[in-house]
file coords_7.csv (CSV, C-alpha atoms)
chain,number,residue,atom,x,y,z
D,105,MET,CA,21.3,26.8,9.0
D,106,ASP,CA,19.9,26.5,5.5
D,107,ILE,CA,17.5,23.6,5.2
D,108,LYS,CA,16.2,22.5,1.7
D,109,ILE,CA,13.6,19.9,1.1
D,110,LEU,CA,14.1,18.3,-2.4
D,111,GLY,CA,11.0,16.7,-3.9
D,112,SER,CA,8.4,17.1,-6.6
D,113,GLY,CA,5.6,17.8,-4.1
D,114,CYS,CA,4.3,14.3,-3.4
D,115,PRO,CA,2.6,13.6,0.0
D,116,ASN,CA,5.9,12.3,1.4
D,117,CYS,CA,7.7,15.5,0.5
D,118,LYS,CA,5.0,17.6,2.2
D,119,ARG,CA,5.2,15.5,5.3
D,120,LEU,CA,9.0,16.0,5.4
D,121,GLU,CA,8.6,19.7,5.0
D,122,GLU,CA,6.1,19.9,7.9
D,123,ASN,CA,8.3,17.7,10.1
D,124,ALA,CA,11.3,19.9,9.3
D,125,LYS,CA,9.5,23.1,10.1
D,126,LEU,CA,8.2,21.6,13.3
D,127,ALA,CA,11.6,20.3,14.3
D,128,VAL,CA,13.2,23.7,13.7
D,129,ALA,CA,10.6,25.4,15.8
D,130,GLU,CA,10.8,22.9,18.7
D,131,LEU,CA,14.6,22.9,18.8
D,132,GLY,CA,14.6,26.7,18.6
D,133,ILE,CA,17.4,26.8,16.1
D,134,LYS,CA,17.9,29.6,13.6
D,135,ALA,CA,17.2,28.0,10.2
D,136,THR,CA,15.4,28.7,7.0
D,137,VAL,CA,13.4,25.9,5.4
D,138,SER,CA,12.8,26.1,1.7
D,139,LYS,CA,11.6,23.7,-1.0
D,140,VAL,CA,13.3,22.7,-4.3
D,141,THR,CA,10.9,21.2,-6.7
D,142,GLU,CA,12.5,21.5,-10.1
D,143,ILE,CA,13.9,18.1,-11.2
D,144,GLU,CA,17.0,19.7,-12.7
D,145,LYS,CA,17.9,21.3,-9.4
D,146,ILE,CA,17.1,18.2,-7.4
D,147,MET,CA,19.5,16.1,-9.7
D,148,GLU,CA,22.3,18.6,-9.1
D,149,TYR,CA,22.5,17.3,-5.6
D,150,GLY,CA,23.0,13.8,-6.9
D,151,VAL,CA,20.0,12.3,-5.0
D,152,MET,CA,18.1,9.5,-6.7
D,153,GLY,CA,15.2,9.3,-4.3
D,154,THR,CA,12.8,11.9,-3.0
D,155,PRO,CA,12.1,13.4,-0.6
D,156,ALA,CA,15.7,14.4,0.4
D,157,LEU,CA,16.9,16.8,3.0
D,158,VAL,CA,19.8,19.2,2.4
D,159,VAL,CA,21.5,21.1,5.2
D,160,ASP,CA,23.9,23.9,4.2
D,161,ASN,CA,24.3,22.2,0.8
D,162,GLU,CA,25.1,18.8,2.2
D,163,VAL,CA,22.6,16.0,1.5
D,164,LEU,CA,21.6,14.6,4.9
D,165,PHE,CA,19.4,11.8,3.6
D,166,SER,CA,17.3,10.9,0.6
D,167,GLY,CA,14.4,8.7,-0.4
D,168,ARG,CA,12.8,8.5,3.1
D,169,VAL,CA,10.8,10.5,5.7
D,170,PRO,CA,12.4,9.9,9.1
D,171,SER,CA,10.2,10.2,12.2
D,172,ALA,CA,9.8,13.6,13.7
D,173,LYS,CA,12.0,12.5,16.6
D,174,ASP,CA,14.8,11.1,14.4
D,175,LEU,CA,14.7,14.3,12.3
D,176,LYS,CA,15.1,16.4,15.4
D,177,ASN,CA,18.1,14.4,16.4
D,178,LEU,CA,19.7,14.7,13.0
D,179,LEU,CA,19.2,18.5,12.9
D,180,LEU,CA,20.5,18.9,16.4
D,181,ALA,CA,23.6,17.0,15.4
D,182,CYS,CA,24.1,19.3,12.4
D,183,GLU,CA,23.6,22.4,14.6
D,184,LYS,CA,26.2,21.1,17.1
D,185,ALA,CA,28.6,20.3,14.3
D,186,GLY,CA,28.1,23.8,12.8
D,187,GLN,CA,28.9,25.5,16.1
D,188,LYS,CA,32.3,23.8,16.5
U,19,MET,CA,-0.1,-22.6,18.3
U,20,LEU,CA,-1.6,-19.8,16.2
U,21,GLN,CA,-4.4,-22.1,15.1
U,22,GLU,CA,-5.2,-22.9,18.7
U,23,PHE,CA,-5.4,-19.2,19.5
U,24,ALA,CA,-7.6,-18.5,16.5
U,25,ASP,CA,-9.9,-21.4,17.6
U,26,TRP,CA,-10.0,-20.2,21.1
U,27,ALA,CA,-10.7,-16.6,20.0
U,28,THR,CA,-13.5,-17.7,17.7
U,29,TYR,CA,-15.2,-20.5,19.6
U,30,SER,CA,-14.5,-19.6,23.2
U,31,ALA,CA,-13.9,-15.9,23.5
U,32,LEU,CA,-16.6,-14.9,20.9
U,33,GLY,CA,-18.7,-18.0,21.7
U,34,MET,CA,-19.4,-18.9,18.1
U,35,ALA,CA,-20.8,-22.2,17.1
U,36,GLN,CA,-18.3,-24.5,15.5
U,37,GLY,CA,-19.1,-25.3,11.9
U,38,SER,CA,-21.1,-22.2,11.1
U,39,GLN,CA,-20.0,-20.2,8.1
U,40,LEU,CA,-19.6,-17.0,10.1
U,41,ALA,CA,-17.4,-18.8,12.6
U,42,ALA,CA,-15.3,-20.2,9.8
U,43,ALA,CA,-14.8,-16.7,8.3
U,44,VAL,CA,-13.9,-15.2,11.7
U,45,ASN,CA,-11.5,-18.0,12.5
U,46,PHE,CA,-9.8,-17.5,9.1
U,47,PHE,CA,-9.6,-13.8,9.8
U,48,VAL,CA,-8.0,-14.1,13.2
U,49,TYR,CA,-5.5,-16.8,12.2
U,50,ASP,CA,-4.4,-15.1,9.0
U,51,SER,CA,-4.1,-11.6,10.4
U,52,ILE,CA,-1.9,-12.7,13.3
U,53,LYS,CA,0.3,-14.9,11.1
U,54,VAL,CA,0.7,-12.3,8.4
U,55,THR,CA,1.5,-9.5,10.9
U,56,LEU,CA,4.2,-11.6,12.7
U,57,MET,CA,5.9,-12.6,9.5
U,58,LEU,CA,5.7,-9.1,8.1
U,59,VAL,CA,7.5,-7.6,11.2
U,60,VAL,CA,10.3,-10.0,10.8
U,61,ILE,CA,10.7,-10.0,7.0
U,62,VAL,CA,10.4,-6.2,6.6
U,63,PHE,CA,13.1,-5.8,9.3
U,64,ALA,CA,15.4,-8.1,7.4
U,65,VAL,CA,14.7,-6.3,4.1
U,66,GLY,CA,15.3,-3.0,5.9
U,67,ILE,CA,18.8,-4.2,6.8
U,68,ILE,CA,19.5,-5.3,3.2
U,69,ARG,CA,18.2,-1.9,2.1
U,70,THR,CA,21.0,-0.1,3.9
U,71,PHE,CA,23.5,-1.9,1.8
U,72,VAL,CA,21.7,-1.6,-1.5
U,73,THR,CA,21.3,2.2,-2.0
U,74,PRO,CA,20.4,3.6,-5.4
U,75,GLN,CA,23.8,5.2,-5.6
U,76,LYS,CA,25.5,1.9,-5.3
U,77,VAL,CA,23.1,0.2,-7.7
U,78,LYS,CA,23.9,2.8,-10.3
U,79,LYS,CA,27.6,2.1,-9.9
U,80,TRP,CA,27.1,-1.7,-10.1
U,81,LEU,CA,25.0,-1.5,-13.2
U,82,GLY,CA,27.0,1.1,-15.1
U,83,ASN,CA,29.5,-1.3,-16.7
U,84,LYS,CA,27.2,-4.4,-17.2
U,85,GLY,CA,26.0,-5.5,-20.6
U,86,GLU,CA,22.6,-6.9,-21.7
U,87,GLY,CA,21.5,-10.1,-20.0
U,88,LEU,CA,23.7,-10.1,-16.9
U,89,GLY,CA,23.0,-6.4,-16.4
U,90,ASN,CA,19.2,-6.9,-16.7
U,91,ALA,CA,19.3,-9.9,-14.3
U,92,LEU,CA,21.3,-7.9,-11.8
U,93,ALA,CA,19.0,-4.9,-12.2
U,94,ALA,CA,15.9,-7.0,-11.6
U,95,LEU,CA,17.5,-8.6,-8.5
U,96,LEU,CA,18.6,-5.3,-7.1
U,97,GLY,CA,15.2,-3.9,-7.7
U,98,VAL,CA,13.6,-6.4,-5.2
U,99,PRO,CA,14.9,-4.9,-1.9
U,100,THR,CA,15.0,-1.3,-3.2
U,101,PRO,CA,12.1,0.7,-1.9
U,102,PHE,CA,9.9,2.3,-4.5
U,103,CYS,CA,7.8,5.3,-4.1
U,104,SER,CA,6.4,6.3,-7.5
U,105,CYS,CA,7.5,9.9,-6.9
U,106,SER,CA,11.1,8.6,-6.8
U,107,ALA,CA,10.8,7.1,-10.3
U,108,VAL,CA,11.9,10.3,-12.1
U,109,PRO,CA,15.1,11.0,-10.1
U,110,LEU,CA,15.9,7.3,-10.2
U,111,PHE,CA,15.5,7.1,-14.0
U,112,ILE,CA,17.5,10.3,-14.6
U,113,GLY,CA,20.2,9.2,-12.3
U,114,PHE,CA,20.6,5.9,-14.0
U,115,VAL,CA,20.5,7.2,-17.6
U,116,GLU,CA,22.7,10.2,-16.8
U,117,SER,CA,25.4,7.9,-15.4
U,118,GLY,CA,25.4,5.7,-18.5
U,119,VAL,CA,23.3,2.7,-17.4
U,120,PRO,CA,21.7,1.4,-20.6
U,121,LEU,CA,18.0,2.1,-21.1
U,122,GLY,CA,17.0,-1.6,-21.1
U,123,ILE,CA,18.8,-2.3,-17.8
U,124,THR,CA,17.3,0.9,-16.3
U,125,PHE,CA,13.8,-0.5,-17.3
U,126,SER,CA,14.6,-3.9,-15.7
U,127,PHE,CA,15.2,-2.1,-12.5
U,128,LEU,CA,12.2,0.2,-12.8
U,129,ILE,CA,9.9,-2.7,-13.5
U,130,ALA,CA,11.2,-5.0,-10.7
U,131,SER,CA,11.2,-2.4,-8.0
U,132,PRO,CA,7.4,-1.9,-7.6
U,133,LEU,CA,6.4,-5.3,-9.1
U,134,ILE,CA,8.3,-7.5,-6.6
U,135,ASN,CA,7.2,-6.1,-3.3
U,136,GLU,CA,8.3,-7.6,0.0
U,137,VAL,CA,5.0,-7.0,1.7
U,138,ALA,CA,3.1,-8.9,-1.1
U,139,ALA,CA,5.8,-11.7,-1.0
U,140,THR,CA,5.5,-12.1,2.7
U,141,MET,CA,1.7,-12.3,2.6
U,142,LEU,CA,1.8,-14.9,-0.1
U,143,LEU,CA,4.3,-16.9,2.0
U,144,ALA,CA,2.2,-16.6,5.1
U,145,MET,CA,-1.2,-17.3,3.5
U,146,PHE,CA,-0.4,-19.7,0.7
U,147,GLY,CA,3.0,-21.2,1.3
U,148,TRP,CA,6.5,-20.8,-0.2
U,149,GLN,CA,5.6,-22.2,-3.6
U,150,ILE,CA,3.2,-19.4,-4.4
U,151,ALA,CA,5.6,-16.8,-3.0
U,152,ALA,CA,8.5,-18.2,-5.1
U,153,LEU,CA,6.2,-18.3,-8.2
U,154,TYR,CA,5.4,-14.6,-7.7
U,155,ILE,CA,9.1,-13.5,-7.1
U,156,GLY,CA,10.4,-15.8,-9.9
U,157,SER,CA,7.8,-14.6,-12.5
U,158,GLY,CA,8.3,-11.0,-11.4
U,159,LEU,CA,12.1,-11.4,-12.1
U,160,ILE,CA,11.5,-13.0,-15.4
U,161,VAL,CA,9.1,-10.2,-16.5
U,162,ALA,CA,11.6,-7.5,-15.4
U,163,ILE,CA,14.5,-9.2,-17.2
U,164,ILE,CA,12.7,-10.0,-20.5
U,165,ALA,CA,10.8,-6.7,-20.7
U,166,GLY,CA,14.0,-4.8,-20.0
U,167,ILE,CA,15.9,-6.7,-22.7
U,168,ALA,CA,13.0,-6.2,-25.2
U,169,ILE,CA,12.9,-2.4,-24.5
U,170,GLY,CA,16.7,-2.2,-24.7
U,171,ARG,CA,16.8,-3.9,-28.1
U,172,MET,CA,14.3,-1.5,-29.6
U,173,GLY,CA,16.8,1.4,-29.6
U,174,LEU,CA,14.4,3.9,-28.2
U,175,GLU,CA,17.0,6.2,-26.6
U,176,SER,CA,15.7,9.1,-28.7
U,177,GLU,CA,12.3,8.6,-27.1
U,178,VAL,CA,13.5,9.8,-23.7
U,179,GLU,CA,12.8,13.4,-23.1
U,180,GLU,CA,15.8,15.5,-24.2
U,181,PHE,CA,16.3,17.3,-20.9
U,182,VAL,CA,17.2,14.0,-19.2
U,183,TYR,CA,20.4,13.8,-21.2
U,184,LYS,CA,21.4,17.4,-20.4
U,185,ILE,CA,21.3,16.9,-16.6
U,186,LYS,CA,24.6,16.7,-14.9
U,187,ALA,CA,24.2,15.1,-11.5
U,188,LYS,CA,26.7,15.6,-8.8
U,189,ALA,CA,28.2,12.4,-7.4
U,190,LEU,CA,26.7,12.0,-4.0
U,191,LYS,CA,29.2,10.9,-1.4
U,192,GLU,CA,27.5,8.4,0.9
U,193,ARG,CA,28.5,7.9,4.4
U,194,GLU,CA,28.9,4.2,5.4
U,195,MET,CA,26.4,3.4,8.1
U,196,SER,CA,27.3,1.7,11.3
U,197,TRP,CA,25.7,-1.6,12.3
U,198,LYS,CA,23.7,0.1,15.0
U,199,GLU,CA,22.3,2.6,12.4
U,200,ARG,CA,21.4,-0.3,10.1
U,201,VAL,CA,19.6,-2.2,12.8
U,202,ASP,CA,17.8,1.1,13.9
U,203,PHE,CA,16.8,1.6,10.2
U,204,GLY,CA,15.5,-2.0,10.0
U,205,ILE,CA,13.4,-1.5,13.2
U,206,SER,CA,12.0,1.8,12.0
U,207,GLU,CA,11.2,0.3,8.5
U,208,SER,CA,9.6,-2.7,10.1
U,209,LYS,CA,7.4,-0.5,12.4
U,210,ASP,CA,6.5,2.1,9.8
U,211,ILE,CA,5.7,-0.3,6.9
U,212,THR,CA,3.8,-2.8,9.1
U,213,LEU,CA,1.7,-0.1,10.6
U,214,LYS,CA,1.1,1.5,7.2
U,215,VAL,CA,0.0,-1.7,5.5
U,216,LEU,CA,-1.8,-3.3,8.4
U,217,PRO,CA,-5.2,-1.6,7.8
U,218,TYR,CA,-5.1,-2.7,4.1
U,219,ILE,CA,-4.1,-6.2,5.1
U,220,LEU,CA,-6.9,-6.5,7.7
U,221,LEU,CA,-9.4,-5.1,5.2
U,222,GLY,CA,-8.2,-7.5,2.5
U,223,ILE,CA,-8.3,-10.5,4.8
U,224,ALA,CA,-11.8,-9.5,6.0
U,225,ILE,CA,-13.1,-9.2,2.5
U,226,GLY,CA,-11.3,-12.4,1.6
U,227,GLY,CA,-12.8,-14.1,4.6
U,228,LEU,CA,-16.3,-13.1,3.6
U,229,ILE,CA,-15.9,-14.3,0.1
U,230,HIS,CA,-14.2,-17.4,1.5
U,231,GLY,CA,-17.1,-18.1,3.8
U,232,TYR,CA,-20.1,-17.1,1.6
U,233,ALA,CA,-19.4,-17.2,-2.1
U,234,PRO,CA,-20.1,-20.5,-3.7
U,235,ALA,CA,-17.1,-22.6,-4.7
U,236,ASP,CA,-16.4,-22.5,-8.4
U,237,PHE,CA,-18.3,-19.2,-8.6
U,238,LEU,CA,-15.4,-17.7,-10.6
U,239,ALA,CA,-14.5,-20.8,-12.5
U,240,SER,CA,-17.5,-20.2,-14.7
U,241,ILE,CA,-16.4,-16.6,-15.8
U,242,ALA,CA,-12.7,-16.6,-15.4
U,243,GLY,CA,-11.9,-20.3,-15.6
U,244,LYS,CA,-9.9,-22.2,-18.2
U,245,ALA,CA,-12.9,-22.4,-20.5
U,246,ASN,CA,-12.5,-18.7,-21.2
U,247,PRO,CA,-9.3,-18.2,-23.2
U,248,LEU,CA,-9.6,-14.4,-22.9
U,249,ALA,CA,-9.7,-14.4,-19.1
U,250,VAL,CA,-6.0,-13.7,-18.8
U,251,PRO,CA,-5.8,-10.6,-21.0
U,252,ILE,CA,-9.0,-9.3,-19.6
U,253,ALA,CA,-7.7,-9.7,-16.0
U,254,VAL,CA,-4.5,-7.9,-16.9
U,255,ILE,CA,-6.4,-5.0,-18.6
U,256,ILE,CA,-8.7,-4.6,-15.6
U,257,GLY,CA,-5.6,-4.7,-13.3
U,258,ILE,CA,-3.5,-2.0,-15.1
U,259,PRO,CA,-5.4,1.2,-14.1
U,260,LEU,CA,-6.3,-0.2,-10.7
U,261,TYR,CA,-4.0,1.3,-8.2
U,262,SER,CA,-4.2,-0.8,-5.1
U,263,ASN,CA,-2.0,-1.4,-2.2
U,264,ALA,CA,-0.2,-4.7,-2.8
U,265,ALA,CA,-1.0,-5.7,0.7
U,266,GLY,CA,-4.7,-5.5,0.3
U,267,MET,CA,-4.6,-7.4,-3.0
U,268,VAL,CA,-3.1,-10.6,-1.8
U,269,PRO,CA,-5.9,-11.9,0.4
U,270,ILE,CA,-8.4,-11.1,-2.4
U,271,VAL,CA,-6.4,-12.8,-5.0
U,272,GLY,CA,-6.0,-15.8,-2.8
U,273,VAL,CA,-9.8,-16.1,-2.5
U,274,LEU,CA,-10.2,-15.7,-6.2
U,275,ILE,CA,-7.9,-18.7,-6.6
U,276,SER,CA,-9.8,-20.8,-4.1
U,277,LYS,CA,-13.1,-19.9,-5.9
U,278,GLY,CA,-11.9,-21.3,-9.1
U,279,MET,CA,-9.8,-18.7,-10.8
U,280,PRO,CA,-6.7,-20.4,-12.3
U,281,ILE,CA,-3.4,-19.5,-10.6
U,282,GLY,CA,-1.9,-18.1,-13.7
U,283,THR,CA,-4.8,-15.7,-14.3
U,284,ALA,CA,-4.8,-14.6,-10.7
U,285,LEU,CA,-1.0,-14.0,-10.7
U,286,ALA,CA,-1.2,-12.0,-14.0
U,287,PHE,CA,-4.0,-9.9,-12.5
U,288,MET,CA,-2.1,-9.3,-9.3
U,289,MET,CA,1.1,-8.3,-11.2
U,290,SER,CA,-0.7,-5.9,-13.3
U,291,VAL,CA,-2.3,-4.2,-10.3
U,292,ILE,CA,1.0,-4.0,-8.4
U,293,GLY,CA,3.4,-3.4,-11.3
U,294,LEU,CA,1.6,-0.9,-13.4
U,295,SER,CA,-0.6,2.0,-12.4
U,296,LEU,CA,-2.0,5.2,-13.8
U,297,PRO,CA,-0.2,7.5,-11.3
U,298,GLU,CA,3.1,5.8,-12.2
U,299,MET,CA,2.5,6.3,-15.9
U,300,ILE,CA,1.7,10.0,-15.4
U,301,ILE,CA,4.9,10.4,-13.4
U,302,LEU,CA,7.0,8.5,-16.0
U,303,ARG,CA,5.6,10.7,-18.8
U,304,LYS,CA,7.8,13.5,-17.4
U,305,VAL,CA,10.9,11.6,-18.6
U,306,LEU,CA,9.5,9.3,-21.4
U,307,LYS,CA,8.0,10.6,-24.6
U,308,PRO,CA,4.5,9.1,-25.4
U,309,LYS,CA,5.9,6.5,-27.7
U,310,LEU,CA,8.3,5.0,-25.2
U,311,LEU,CA,5.7,5.2,-22.4
U,312,ALA,CA,3.3,3.3,-24.7
U,313,VAL,CA,6.0,0.7,-25.5
U,314,PHE,CA,6.7,0.3,-21.7
U,315,VAL,CA,3.0,-0.3,-21.0
U,316,LEU,CA,2.5,-2.7,-24.0
U,317,VAL,CA,5.6,-4.7,-23.2
U,318,LEU,CA,4.5,-5.2,-19.6
U,319,PHE,CA,0.9,-6.0,-20.7
U,320,ILE,CA,2.3,-8.8,-23.1
U,321,SER,CA,4.6,-10.1,-20.3
U,322,PHE,CA,1.9,-10.3,-17.7
U,323,VAL,CA,-0.4,-12.1,-20.2
U,324,MET,CA,2.3,-14.6,-21.1
U,325,ILE,CA,3.0,-15.3,-17.4
U,326,GLY,CA,-0.7,-15.9,-16.9
U,327,TYR,CA,-1.0,-18.4,-19.8
U,328,LEU,CA,2.3,-20.0,-18.9
U,329,PHE,CA,1.3,-20.9,-15.4
U,330,ASN,CA,-2.2,-21.8,-16.3
U,331,PHE,CA,-0.6,-24.3,-18.7
U,332,LEU,CA,2.1,-25.5,-16.4
U,333,LEU,CA,-0.1,-25.9,-13.4
U,334,ALA,CA,-3.1,-27.3,-15.2
call {"tool": "encode", "arguments": {"input": "coords_7.csv", "output": "structure tokens"}}
result
Amino acid sequence: MDIKILGSGCPNCKRLEENAKLAVAELGIKATVSKVTEIEKIMEYGVMGTPALVVDNEVLFSGRVPSAKDLKNLLLACEKAGQK
Amino acid sequence: MLQEFADWATYSALGMAQGSQLAAAVNFFVYDSIKVTLMLVVIVFAVGIIRTFVTPQKVKKWLGNKGEGLGNALAALLGVPTPFCSCSAVPLFIGFVESGVPLGITFSFLIASPLINEVAATMLLAMFGWQIAALYIGSGLIVAIIAGIAIGRMGLESEVEEFVYKIKAKALKEREMSWKERVDFGISESKDITLKVLPYILLGIAIGGLIHGYAPADFLASIAGKANPLAVPIAVIIGIPLYSNAAGMVPIVGVLISKGMPIGTALAFMMSVIGLSLPEMIILRKVLKPKLLAVFVLVLFISFVMIGYLFNFLLA
């Protein structure tokens, strides 16, 4: 799974990155977490709010930081959908 | 019922003497904090549900084919429930401009979104009644509409950084949420936002309570009262660089009013604290050339000052 955090580096973006890394570790899924900070690249995904989370080039959500628990559920659902 | 509880907490549980200034301050604090918190939980939940319907992607689509006037009014209205984190200002601005939303309409939205804040509106409603809350929302809308139209008419499209026009954003396909997801979102928003602003609210109410209980009445009337015609612009200038949580501002502004600051001046001060801030200007500088940024700040400054004078005059 390829997870990208879109955001300019504000506190919310950093919080999302930490939550995502934590969720990946706790779920034990194979995933890479990387950051996209250039505004041109962020806009290519069509998001209008940061931070946003992209999984395998699909925007999962934008403009919010879900709780660690919600994020885990979201990533777990993606992982299951990917295995089918 | 709340008042009874506050009375019980102050006079029975804490055993304070009725009539003392400290007891009055504590009573005020207990009553207001509980009332504000309860209303906040309910209203933020409702706004959270609305938020799931009013996403930036949809707003962009709705505004794309609207002209001046109606477009500005719609943009200002849609800016009310839309959450605003200043770090989202840049993608939001680019997304609007890139999809063909006129500059003036984009600004109406960008102004309304932080300026009309549901937490501040709820607190005004809880602490000072619906008239003051309506005054705040109404004047916020007027500022966003008029400032947007003014900026739109100046023809400053060339004062937007060039790269903005070169960006091609991919259309984002949004999945429709189910009602369960909307309610879940409302609950999580209500919980998150209430918990986040509560410390500021309590601090604001505590400071407010102290001033309320101790500062002499008409203390401010002498410096910021009607006799001083420059009070409004000075209040707005002081408010612009201040970057305060809207939640903490409201109780303090309320006390300023009760100590003799005219409502228009207090409203103008509050709007300039909430609606304009240095961090926001620094972020907007990424997409606006200095001239347009200066126009933006100046137009808002004039709008806030006019709102201040208008309500000082109307409510005199």
call {"tool": "interface_residues", "arguments": {"input": "coords_7.csv", "of": "chain D", "to": "chain U", "cutoff": "9 Å", "atoms": "only C-alpha atoms", "output": "count of residues only"}}
result
21
call {"tool": "residues_around", "arguments": {"input": "coords_7.csv", "residues": "Lys84 (chain U)", "least_positions_apart": "5", "cutoff": "9 Å", "atoms": "only C-alpha atoms", "output": "PDB file with C-alpha atoms, in the frame of the given file"}}
result
ATOM      1  CA  GLY U  89      23.000  -6.400 -16.400  1.00  0.00           C
ATOM      2  CA  ASN U  90      19.200  -6.900 -16.700  1.00  0.00           C
ATOM      3  CA  LEU U  92      21.300  -7.900 -11.800  1.00  0.00           C
ATOM      4  CA  VAL U 119      23.300   2.700 -17.400  1.00  0.00           C
ATOM      5  CA  PRO U 120      21.700   1.400 -20.600  1.00  0.00           C
ATOM      6  CA  ILE U 123      18.800  -2.300 -17.800  1.00  0.00           C
TER       7      ILE U 123
END
call {"tool": "residues_around", "arguments": {"input": "coords_7.csv", "residues": "Met141 (chain U)", "least_positions_apart": "6", "cutoff": "12 Å", "atoms": "only C-alpha atoms", "output": "NGL selection string"}}
result
:U and (50-59 or 61-62 or 135 or 147-148 or 150-152 or 154 or 212 or 215-216 or 218-220 or 222-223 or 264-272)
call {"tool": "residues_near_point", "arguments": {"input": "coords_7.csv", "point": "(-15.5, -10.8, 14.1)", "cutoff": "10 Å", "atoms": "all atoms listed in the file", "output": "PDB file with C-alpha atoms, in the frame of the given file"}}
result
ATOM      1  CA  ALA U  27     -10.700 -16.600  20.000  1.00  0.00           C
ATOM      2  CA  THR U  28     -13.500 -17.700  17.700  1.00  0.00           C
ATOM      3  CA  LEU U  32     -16.600 -14.900  20.900  1.00  0.00           C
ATOM      4  CA  MET U  34     -19.400 -18.900  18.100  1.00  0.00           C
ATOM      5  CA  LEU U  40     -19.600 -17.000  10.100  1.00  0.00           C
ATOM      6  CA  ALA U  41     -17.400 -18.800  12.600  1.00  0.00           C
ATOM      7  CA  ALA U  43     -14.800 -16.700   8.300  1.00  0.00           C
ATOM      8  CA  VAL U  44     -13.900 -15.200  11.700  1.00  0.00           C
ATOM      9  CA  ASN U  45     -11.500 -18.000  12.500  1.00  0.00           C
ATOM     10  CA  PHE U  47      -9.600 -13.800   9.800  1.00  0.00           C
ATOM     11  CA  VAL U  48      -8.000 -14.100  13.200  1.00  0.00           C
ATOM     12  CA  ALA U 224     -11.800  -9.500   6.000  1.00  0.00           C
TER      13      ALA U 224
END
call {"tool": "closest_residue", "arguments": {"input": "coords_7.csv", "among": "D:Ile133, D:Ala124, D:Leu110, D:Ala156", "to": "Ala172 (chain D)", "atoms": "all atoms listed in the file"}}
result
D:Ala124
call {"tool": "closest_residue", "arguments": {"input": "coords_7.csv", "among": "U:Ala162, U:Glu175, U:Asn246, U:Val313", "to": "Leu133 (chain U)", "atoms": "all atoms listed in the file"}}
result
U:Ala162
call {"tool": "atom_distance", "arguments": {"input": "coords_7.csv", "atom1": "CA of Leu143 (chain U)", "atom2": "CA of Phe287 (chain U)"}}
result
18.1 Å
call {"tool": "closest_residue", "arguments": {"input": "coords_7.csv", "among": "D:Arg168, D:Lys134, D:Lys184, D:Lys125", "to": "Lys108 (chain D)", "atoms": "only C-alpha atoms"}}
result
D:Lys125
call {"tool": "residues_around", "arguments": {"input": "coords_7.csv", "residues": "region 173-175 of chain D", "least_positions_apart": "3", "cutoff": "12 Å", "atoms": "all atoms listed in the file", "output": "NGL selection string"}}
result
(:D and (119-128 or 130-131 or 156-157 or 159 or 164-165 or 168-170 or 178-182)) or (:U and (199 or 202-203 or 206))
call {"tool": "write_last_selection", "arguments": {"input": "coords_7.csv", "atoms": "C-alpha atoms", "output": "PDB file, in the coordinates of the input"}}
result
ATOM      1  CA  ARG D 119       5.200  15.500   5.300  1.00  0.00           C
ATOM      2  CA  LEU D 120       9.000  16.000   5.400  1.00  0.00           C
ATOM      3  CA  GLU D 121       8.600  19.700   5.000  1.00  0.00           C
ATOM      4  CA  GLU D 122       6.100  19.900   7.900  1.00  0.00           C
ATOM      5  CA  ASN D 123       8.300  17.700  10.100  1.00  0.00           C
ATOM      6  CA  ALA D 124      11.300  19.900   9.300  1.00  0.00           C
ATOM      7  CA  LYS D 125       9.500  23.100  10.100  1.00  0.00           C
ATOM      8  CA  LEU D 126       8.200  21.600  13.300  1.00  0.00           C
ATOM      9  CA  ALA D 127      11.600  20.300  14.300  1.00  0.00           C
ATOM     10  CA  VAL D 128      13.200  23.700  13.700  1.00  0.00           C
ATOM     11  CA  GLU D 130      10.800  22.900  18.700  1.00  0.00           C
ATOM     12  CA  LEU D 131      14.600  22.900  18.800  1.00  0.00           C
ATOM     13  CA  ALA D 156      15.700  14.400   0.400  1.00  0.00           C
ATOM     14  CA  LEU D 157      16.900  16.800   3.000  1.00  0.00           C
ATOM     15  CA  VAL D 159      21.500  21.100   5.200  1.00  0.00           C
ATOM     16  CA  LEU D 164      21.600  14.600   4.900  1.00  0.00           C
ATOM     17  CA  PHE D 165      19.400  11.800   3.600  1.00  0.00           C
ATOM     18  CA  ARG D 168      12.800   8.500   3.100  1.00  0.00           C
ATOM     19  CA  VAL D 169      10.800  10.500   5.700  1.00  0.00           C
ATOM     20  CA  PRO D 170      12.400   9.900   9.100  1.00  0.00           C
ATOM     21  CA  LEU D 178      19.700  14.700  13.000  1.00  0.00           C
ATOM     22  CA  LEU D 179      19.200  18.500  12.900  1.00  0.00           C
ATOM     23  CA  LEU D 180      20.500  18.900  16.400  1.00  0.00           C
ATOM     24  CA  ALA D 181      23.600  17.000  15.400  1.00  0.00           C
ATOM     25  CA  CYS D 182      24.100  19.300  12.400  1.00  0.00           C
TER      26      CYS D 182
ATOM     27  CA  GLU U 199      22.300   2.600  12.400  1.00  0.00           C
ATOM     28  CA  ASP U 202      17.800   1.100  13.900  1.00  0.00           C
ATOM     29  CA  PHE U 203      16.800   1.600  10.200  1.00  0.00           C
ATOM     30  CA  SER U 206      12.000   1.800  12.000  1.00  0.00           C
TER      31      SER U 206
END
call {"tool": "residues_around", "arguments": {"input": "coords_7.csv", "residues": "Phe63 (chain U)", "least_positions_apart": "4", "cutoff": "6 Å", "atoms": "only C-alpha atoms", "output": "list in words"}}
result
Gly204, Ile205 and Ser208 of chain U
call {"tool": "residues_around", "arguments": {"input": "coords_7.csv", "residues": "Glu86 (chain U)", "least_positions_apart": "4", "cutoff": "12 Å", "atoms": "all atoms listed in the file", "output": "PyMOL selection string"}}
result
chain U and resi 81-82+90-93+119-126+163-171
